[in-house]
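Colleague: Sharing a structure here in structure tokens format.
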Amino acid sequence: MTTRRRFAGGKLVVASHNAGKVREIRELLAAFSTDVISAGDLNLPEPEETALTFIGNAELKARAAATNAQLPSLADDSGMAIDALNGAPGIYSARWAGPTKDFAFAMNHIEREMEGKADRRAHFICALSLGWPDGHCDSFEGKISGQLHFPARGTKGFGYDPIFIADGYDITFAEMEPAAKHAISHRADAFRQLVAACFK
Ligand code: IMP
């Protein structure tokens, strides 16, 4: 069994410049006497996401922040993987929306790519890595599976939420109340694994 390094409290850098993500992680770790600092607050550089897997990219970001800040650092990488497209957009999920982050464009692109394909299976995946200044990294991958749905439906959520229906549901992620989505999401799954292994 892999030995996981425990975080016993104190300062933790969230390797993200996205204020919403930092806030969400601060709330999720509130019970574990964690003093969450964002990479943005520390002016840490954002490394290029050059790995070919979700975990690879999360580890690269966690290690870069941990080395630069000399503090334990938590990073994530997430996206949607479609079976009929051999896992695309996958780690390129954000990049498919282009520099203006146009997800209507990205969802149309997926709809066109899916024309004539019967298999609608898709998964949201979230990798979380807790990295340390000495290079040690513990990583976890959360997942939720479901089906693609066109046309897009719903106005809540973000990204690809309007075209994803989780198994056992008949509404898209963008039609669900945020709390209901957060309880079952890939991110919640990854966090449960991280907390059980490193924060308890
Ligand atoms: P990241 O911030 O580099 O991890 O980019 C993840 C990208 O994957 C986002 O820009 C979204 O396009 C997509 N994504 C990840 N999680 C979700 C989700 O919960 N709903 C919808 N889209 C998501």
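Residue numbers start at 1 in each chain; chains themselves are named A, B, ... in the order of the structure tokens; ligands are numbered from 1 in the order shown.
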Just want the 8 Å neighbourhood of A:Ala94, counted on only C-alpha atoms, with same-chain residues fewer than 4 positions away dropped. Output as a list in words.
Modeller: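 Near A:Ala94, the qualifying residues are Gly79, Gly98 and Lys101 of chain A.
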Colleague: Give me, as a list in words, the set of residues whose atoms come within 7 Å of any atom of ligand 1, counting only C-alpha atoms and all ligand atoms.
Modeller: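 If we count only C-alpha atoms and all ligand atoms, the neighbours of ligand 1 turn out to be Asp76, Asp77, Ser78, Gly79, Met80, Ser93, Ala94, Phe124, Cys126, Gly157, Phe158, Gly159, Tyr160, Asp161 and Ser185 of chain A.
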Colleague: Output all heavy atoms of each residue in that selection to a file, as a tab-separated table (two decimals), in the first residue's frame.
Modeller:
```
chain	number	residue	atom	x	y	z
A	76	ASP	N	-5.28	21.03	-8.59
A	76	ASP	CA	-6.24	20.14	-9.24
A	76	ASP	C	-6.15	20.27	-10.74
A	76	ASP	O	-5.59	21.23	-11.27
A	76	ASP	CB	-7.67	20.42	-8.75
A	76	ASP	CG	-8.29	21.62	-9.42
A	76	ASP	OD1	-7.55	22.53	-9.84
A	76	ASP	OD2	-9.52	21.66	-9.53
A	77	ASP	N	-6.67	19.28	-11.42
A	77	ASP	CA	-6.83	19.36	-12.87
A	77	ASP	C	-8.07	18.55	-13.20
A	77	ASP	O	-8.27	17.46	-12.64
A	77	ASP	CB	-5.60	18.79	-13.59
A	77	ASP	CG	-5.57	19.26	-15.04
A	77	ASP	OD1	-5.72	20.48	-15.27
A	77	ASP	OD2	-5.41	18.42	-15.94
A	78	SER	N	-8.91	19.09	-14.05
A	78	SER	CA	-10.18	18.39	-14.29
A	78	SER	C	-10.63	18.58	-15.73
A	78	SER	O	-10.08	19.39	-16.46
A	78	SER	CB	-11.25	18.92	-13.34
A	78	SER	OG	-11.42	20.31	-13.53
A	79	GLY	N	-11.65	17.82	-16.09
A	79	GLY	CA	-12.18	17.94	-17.44
A	79	GLY	C	-13.18	16.85	-17.73
A	79	GLY	O	-13.52	16.05	-16.85
A	80	MET	N	-13.66	16.84	-18.99
A	80	MET	CA	-14.64	15.85	-19.39
A	80	MET	C	-14.03	14.91	-20.43
A	80	MET	O	-13.37	15.36	-21.36
A	80	MET	CB	-15.87	16.54	-19.99
A	80	MET	CG	-16.99	15.56	-20.25
A	80	MET	SD	-18.54	16.37	-20.66
A	80	MET	CE	-18.13	17.01	-22.24
A	93	SER	N	-9.88	20.04	-21.97
A	93	SER	CA	-11.26	20.55	-21.82
A	93	SER	C	-11.31	22.07	-21.78
A	93	SER	O	-12.17	22.69	-22.43
A	93	SER	CB	-11.90	19.99	-20.55
A	93	SER	OG	-12.10	18.59	-20.69
A	94	ALA	N	-10.43	22.70	-21.01
A	94	ALA	CA	-10.44	24.16	-20.93
A	94	ALA	C	-9.97	24.73	-22.27
A	94	ALA	O	-10.54	25.70	-22.78
A	94	ALA	CB	-9.55	24.64	-19.80
A	124	PHE	N	-16.89	13.08	-16.06
A	124	PHE	CA	-16.12	14.21	-15.55
A	124	PHE	C	-15.06	13.62	-14.63
A	124	PHE	O	-15.35	12.73	-13.81
A	124	PHE	CB	-17.00	15.16	-14.74
A	124	PHE	CG	-17.68	16.22	-15.56
A	124	PHE	CD1	-19.06	16.35	-15.55
A	124	PHE	CD2	-16.93	17.12	-16.32
A	124	PHE	CE1	-19.69	17.34	-16.29
A	124	PHE	CE2	-17.55	18.11	-17.06
A	124	PHE	CZ	-18.94	18.22	-17.05
A	126	CYS	N	-11.65	14.54	-12.00
A	126	CYS	CA	-10.90	15.56	-11.25
A	126	CYS	C	-9.72	14.91	-10.54
A	126	CYS	O	-9.91	13.97	-9.77
A	126	CYS	CB	-11.82	16.22	-10.21
A	126	CYS	SG	-10.95	17.35	-9.11
A	157	GLY	N	-24.20	26.29	-12.88
A	157	GLY	CA	-22.93	25.60	-13.13
A	157	GLY	C	-22.03	26.35	-14.10
A	157	GLY	O	-22.17	27.56	-14.31
A	158	PHE	N	-21.14	25.63	-14.74
A	158	PHE	CA	-20.16	26.23	-15.64
A	158	PHE	C	-19.67	25.18	-16.64
A	158	PHE	O	-20.07	24.01	-16.58
A	158	PHE	CB	-18.97	26.79	-14.84
A	158	PHE	CG	-18.13	25.71	-14.19
A	158	PHE	CD1	-16.93	25.29	-14.78
A	158	PHE	CD2	-18.54	25.09	-13.03
A	158	PHE	CE1	-16.15	24.28	-14.20
A	158	PHE	CE2	-17.77	24.08	-12.45
A	158	PHE	CZ	-16.58	23.68	-13.04
A	159	GLY	N	-18.80	25.61	-17.53
A	159	GLY	CA	-18.15	24.69	-18.45
A	159	GLY	C	-19.13	23.81	-19.21
A	159	GLY	O	-20.10	24.29	-19.82
A	160	TYR	N	-18.91	22.49	-19.14
A	160	TYR	CA	-19.70	21.53	-19.91
A	160	TYR	C	-20.95	21.04	-19.16
A	160	TYR	O	-21.61	20.10	-19.62
A	160	TYR	CB	-18.82	20.33	-20.29
A	160	TYR	CG	-17.65	20.71	-21.18
A	160	TYR	CD1	-16.38	20.92	-20.65
A	160	TYR	CD2	-17.84	20.89	-22.55
A	160	TYR	CE1	-15.31	21.27	-21.47
A	160	TYR	CE2	-16.77	21.25	-23.37
A	160	TYR	CZ	-15.51	21.44	-22.82
A	160	TYR	OH	-14.46	21.80	-23.63
A	161	ASP	N	-21.29	21.66	-18.04
A	161	ASP	CA	-22.45	21.22	-17.25
A	161	ASP	C	-23.74	21.08	-18.06
A	161	ASP	O	-24.50	20.13	-17.84
A	161	ASP	CB	-22.70	22.18	-16.08
A	161	ASP	CG	-21.75	21.92	-14.92
A	161	ASP	OD1	-21.12	20.85	-14.88
A	161	ASP	OD2	-21.66	22.80	-14.03
A	185	SER	N	-20.26	15.25	-7.36
A	185	SER	CA	-19.35	15.53	-8.48
A	185	SER	C	-18.01	14.80	-8.38
A	185	SER	O	-17.62	14.29	-7.32
A	185	SER	CB	-19.09	17.04	-8.58
A	185	SER	OG	-18.18	17.41	-7.56
```
Colleague: From stretch 73-135 of chain A, collect each residue whose DSSP state is alpha helix (DSSP H) and return the set as a list of chain:residue names.
Modeller: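 Selecting the alpha helix (DSSP H) positions of stretch 73-135 of chain A gives A:Phe103, A:Ala104, A:Phe105, A:Ala106, A:Met107, A:Asn108, A:His109, A:Ile110, A:Glu111, A:Arg112, A:Glu113.
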Colleague: Any chance you can output those residues with N, CA, C and O atoms as a PDB file, in the first residue's frame?
Modeller:
```pdb
ATOM      1  N   PHE A 103     -17.577  28.380 -23.872  1.00  0.00           N
ATOM      2  CA  PHE A 103     -18.024  26.993 -23.726  1.00  0.00           C
ATOM      3  C   PHE A 103     -19.207  26.660 -24.631  1.00  0.00           C
ATOM      4  O   PHE A 103     -19.440  25.491 -24.928  1.00  0.00           O
ATOM      5  N   ALA A 104     -19.952  27.683 -25.112  1.00  0.00           N
ATOM      6  CA  ALA A 104     -21.001  27.406 -26.098  1.00  0.00           C
ATOM      7  C   ALA A 104     -20.320  26.876 -27.358  1.00  0.00           C
ATOM      8  O   ALA A 104     -20.762  25.890 -27.966  1.00  0.00           O
ATOM      9  N   PHE A 105     -19.207  27.508 -27.717  1.00  0.00           N
ATOM     10  CA  PHE A 105     -18.415  27.070 -28.878  1.00  0.00           C
ATOM     11  C   PHE A 105     -17.896  25.639 -28.666  1.00  0.00           C
ATOM     12  O   PHE A 105     -18.022  24.776 -29.531  1.00  0.00           O
ATOM     13  N   ALA A 106     -17.351  25.384 -27.477  1.00  0.00           N
ATOM     14  CA  ALA A 106     -16.783  24.057 -27.185  1.00  0.00           C
ATOM     15  C   ALA A 106     -17.883  22.985 -27.203  1.00  0.00           C
ATOM     16  O   ALA A 106     -17.676  21.879 -27.712  1.00  0.00           O
ATOM     17  N   MET A 107     -19.069  23.310 -26.672  1.00  0.00           N
ATOM     18  CA  MET A 107     -20.162  22.316 -26.645  1.00  0.00           C
ATOM     19  C   MET A 107     -20.687  22.051 -28.057  1.00  0.00           C
ATOM     20  O   MET A 107     -21.024  20.922 -28.396  1.00  0.00           O
ATOM     21  N   ASN A 108     -20.722  23.102 -28.900  1.00  0.00           N
ATOM     22  CA  ASN A 108     -21.116  22.908 -30.309  1.00  0.00           C
ATOM     23  C   ASN A 108     -20.113  22.024 -31.025  1.00  0.00           C
ATOM     24  O   ASN A 108     -20.485  21.170 -31.835  1.00  0.00           O
ATOM     25  N   HIS A 109     -18.860  22.254 -30.722  1.00  0.00           N
ATOM     26  CA  HIS A 109     -17.787  21.452 -31.315  1.00  0.00           C
ATOM     27  C   HIS A 109     -18.011  19.964 -30.971  1.00  0.00           C
ATOM     28  O   HIS A 109     -17.960  19.092 -31.837  1.00  0.00           O
ATOM     29  N   ILE A 110     -18.318  19.699 -29.690  1.00  0.00           N
ATOM     30  CA  ILE A 110     -18.555  18.313 -29.260  1.00  0.00           C
ATOM     31  C   ILE A 110     -19.782  17.745 -29.969  1.00  0.00           C
ATOM     32  O   ILE A 110     -19.767  16.606 -30.453  1.00  0.00           O
ATOM     33  N   GLU A 111     -20.846  18.550 -30.072  1.00  0.00           N
ATOM     34  CA  GLU A 111     -22.074  18.062 -30.733  1.00  0.00           C
ATOM     35  C   GLU A 111     -21.764  17.654 -32.176  1.00  0.00           C
ATOM     36  O   GLU A 111     -22.207  16.601 -32.645  1.00  0.00           O
ATOM     37  N   ARG A 112     -20.962  18.455 -32.863  1.00  0.00           N
ATOM     38  CA  ARG A 112     -20.596  18.120 -34.257  1.00  0.00           C
ATOM     39  C   ARG A 112     -19.762  16.836 -34.308  1.00  0.00           C
ATOM     40  O   ARG A 112     -19.994  15.958 -35.130  1.00  0.00           O
ATOM     41  N   GLU A 113     -18.810  16.739 -33.386  1.00  0.00           N
ATOM     42  CA  GLU A 113     -17.940  15.533 -33.361  1.00  0.00           C
ATOM     43  C   GLU A 113     -18.750  14.266 -33.060  1.00  0.00           C
ATOM     44  O   GLU A 113     -18.359  13.165 -33.434  1.00  0.00           O
TER      45      GLU A 113
END
```
Colleague: Looking at A:Ala88, A:Ile163, A:Ala30, A:Leu74, which one is nearest to A:Glu175, with distances taken over only C-alpha atoms?
Modeller: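 Ranked by minimum distance to A:Glu175, first place goes to A:Ile163.
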Colleague: Identify, on the basis of only C-alpha atoms, every residue whose closest approach to A:Ser145 does not exceed 7 Å; exclude the query and any residue fewer than 5 positions from it along the same chain; express the result as a PyMOL selection string.
Modeller: chain A and resi 122-124+166-167
Colleague: Considering only C-alpha atoms, return as a list in words whatever protein or nucleic-acid residues lie within 6 Å of A:Ser16, sequence-local ones (same chain, fewer than 2 positions apart) excluded.
Modeller: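 Once the nearby chain positions are removed, what remains is Val14, Asn18 and Ala39 of chain A.
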Colleague: If we count only C-alpha atoms, what is near A:Ile165 at a cut-off of 10 Å, once residues fewer than 3 positions away on the same chain are taken out, given as number ranges by chain?
Modeller: A: 121-123, 144-149, 153, 161-162, 168-176
Colleague: Of the residues A:Asp138, A:Asp102, A:Glu27, A:Asp83, which is the one nearest to A:Met114, using only C-alpha atoms?
Modeller: A:Asp83
Colleague: Hey, what does DSSP flag as strand (DSSP E or B) within stretch 66-191 of chain A? Can you give it to me as JSON, numbers by chain?
Modeller: {"A": [73, 74, 75, 76, 77, 78, 79, 80, 81, 82, 89, 121, 122, 123, 124, 125, 126, 127, 128, 129, 130, 131, 137, 138, 139, 140, 141, 142, 143, 144, 145, 146, 147, 148, 164, 165, 166]}
Colleague: Name the residues in contact with A:Arg6 at a cut-off of 8 Å, using only C-alpha atoms, excluding same-chain residues fewer than 5 positions from it; report them as a list of chain:residue names.
Modeller: A:Ala197, A:Cys198, A:Phe199, A:Lys200
Colleague: What is the atom CA of A:Leu130 to atom CA of A:Ala180 distance in Å?
Modeller: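 According to the coordinates, atom CA of A:Leu130 and atom CA of A:Ala180 are separated by 26.0 Å.
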